[in-house]
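Have a look at the structure below, then the notes.
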Amino acid sequence: MTGRRYTYTHRRVDFEKWQALGNDYLIVEAEQLGFELTPARIRALCAGHTGVFADGILLLSAPDEPGFVARLRIFNPDGSEAELSGNGAREAVLYLRRHGWSDHNEFSIQTAAGEIRPTITSPTTARLDIGRVRTQSTDYPQGPPDGQSRLTAGGSPWSFQHVQVGNPQCAIRVADQATLQALDLPAIGPAIESHELFPQRTNVSWYAPLAADRIRVRIFERGVGETSASGTGATGAAVAHVLQGGDSPVTVVLDGGELEVEVSDDLHVNLSGWAVPVFSGTLADDFIKELHATE
């Protein structure tokens, strides 16, 4: 950045760090920022050691349509924008309630995936009405109506279920927990995430049934890598499980904890779980200057 010319006007930038099942996000209100969240700036903010260190950024702003409490934009640590995050959305709505954006326990927020309708069930828990998910979408343009198919990645064949949950999910069933735990996700995940079948890339989940209404899941998230939890990844796996004859609601056991996914006959989904704040802070003036100088 030496020699770079830029205009900088001091503006205090406050943030909160939240986590849900170990899935952690930096929450910022848009009016706090004096700069655009470019991919490079997002990467700098989310970086370990030199940044705040987070799985992504939740940017909250006033809605641009009536009937909504806020607009939520979700950014991955690689700088890309995600349509939806179940854990991130839950963190955002609990933040909104705590900070007085709404005094109701039920309201609507805007996302790139459309309207999300949360119900706050306690100071640390919420249920998200995600709406109807789909097994056919433009995120898997060659896919059959039921979304079930096979691909080869990392030298191995995989049978999968495509589910559009506001973002694309590729859910893969394995025989048992031992098989699930033996998977080397960092080695096999990237090839499936970026497979030619998925032009926008895809999130990937592997799951093993534990009971008719309970599954164990591991997640490889688009733009993130292996994560301890993902709300939409849990949803994709739960829907796949129900389509294979499993019972709803499904308890989804992830590395970071448990979520509950209700799947109706018409694939309408409600996702329930917890989220809590970790700390609040203010970006240092020197770091803000560095972000201003980052394109």
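Following the order of the structure tokens, chains are lettered A, B, ..., residues in each are numbered from 1, and ligands are numbered from 1.
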Residue contacts of Asp78 in chain A (8 Å, only C-alpha atoms) excluding same-chain residues fewer than 6 positions away, as a PyMOL selection string
chain A and resi 39+42-43+223-224
Mind checking which residues fall within 9 Å of Pro199 in chain A, counting only C-alpha atoms, ignoring those fewer than 6 positions away in the same chain, and posting them as a list of chain:residue names?
A:Thr138, A:Asp139, A:Tyr140, A:Pro141
Got a sec: who's within 7 Å of Thr294 in chain A, counting only C-alpha atoms, leaving out chain neighbours fewer than 3 positions off, as a count of residues only?
4
May I ask which of the residues A:Gln177, A:Thr111, A:Gln32, A:Thr235 is the closest one to Ala92 in chain A, counting only C-alpha atoms?
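Of the candidates, the smallest distance to Ala92 in chain A is held by A:Thr111.
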Check the smallest atom-to-atom distance from each of A:Leu151, A:Leu26, A:Val278, A:Val252 to Gly236 in chain A using only C-alpha atoms, then report the winner.
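Among A:Leu151, A:Leu26, A:Val278, A:Val252, it is A:Val252 that comes nearest to Gly236 in chain A.
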Got a sec to tell me which of range 101-259 of chain A DSSP assigns to strand (DSSP E), as a PyMOL selection string?
chain A and resi 109-111+114-122+125-132+148-153+156-164+168-173+203-211+214-221+225-227+250-254+257-259
For Gly143 in chain A, please output as a PyMOL selection string all residues within 9 Å (counting only C-alpha atoms; exclusion window: fewer than 6 positions along the same chain).
chain A and resi 135-137+149+162+197
Identify, on the basis of only C-alpha atoms, every residue whose closest approach to Leu33 in chain A does not exceed 9 Å; exclude the query and any residue fewer than 3 positions from it along the same chain; express the result as an mmCIF file with N, CA and C atoms, in the first residue's frame.
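Written out: around-v1.cif:
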data_model
loop_
_atom_site.group_PDB
_atom_site.id
_atom_site.type_symbol
_atom_site.label_atom_id
_atom_site.label_comp_id
_atom_site.auth_asym_id
_atom_site.auth_seq_id
_atom_site.Cartn_x
_atom_site.Cartn_y
_atom_site.Cartn_z
ATOM 1 N N ARG A 11 -14.210 7.630 10.665
ATOM 2 C CA ARG A 11 -15.542 7.239 11.080
ATOM 3 C C ARG A 11 -15.411 6.012 11.975
ATOM 4 N N ARG A 12 -15.999 6.090 13.154
ATOM 5 C CA ARG A 12 -15.942 4.974 14.093
ATOM 6 C C ARG A 12 -16.734 3.787 13.522
ATOM 7 N N VAL A 13 -16.135 2.604 13.539
ATOM 8 C CA VAL A 13 -16.797 1.408 13.045
ATOM 9 C C VAL A 13 -16.899 0.400 14.190
ATOM 10 N N ASP A 14 -18.097 0.275 14.732
ATOM 11 C CA ASP A 14 -18.363 -0.711 15.777
ATOM 12 C C ASP A 14 -18.857 -2.009 15.144
ATOM 13 N N VAL A 28 -22.023 -6.047 11.235
ATOM 14 C CA VAL A 28 -21.780 -4.617 11.070
ATOM 15 C C VAL A 28 -23.036 -3.969 10.503
ATOM 16 N N GLU A 29 -23.380 -2.806 11.020
ATOM 17 C CA GLU A 29 -24.484 -2.033 10.459
ATOM 18 C C GLU A 29 -23.935 -1.136 9.355
ATOM 19 N N ALA A 30 -24.575 -1.146 8.209
ATOM 20 C CA ALA A 30 -24.049 -0.495 7.008
ATOM 21 C C ALA A 30 -23.770 0.990 7.216
ATOM 22 N N GLU A 36 -16.989 0.733 0.883
ATOM 23 C CA GLU A 36 -17.700 -0.417 0.322
ATOM 24 C C GLU A 36 -17.007 -1.706 0.760
ATOM 25 N N LEU A 37 -17.798 -2.747 0.984
ATOM 26 C CA LEU A 37 -17.230 -4.052 1.335
ATOM 27 C C LEU A 37 -16.818 -4.781 0.053
#
Which is closer to Val69 in chain A than all the others in A:Gly51, A:Pro190, A:Gly155, A:Gly100, using only C-alpha atoms?
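With only C-alpha atoms as the atom set, the closest residue is A:Gly100.
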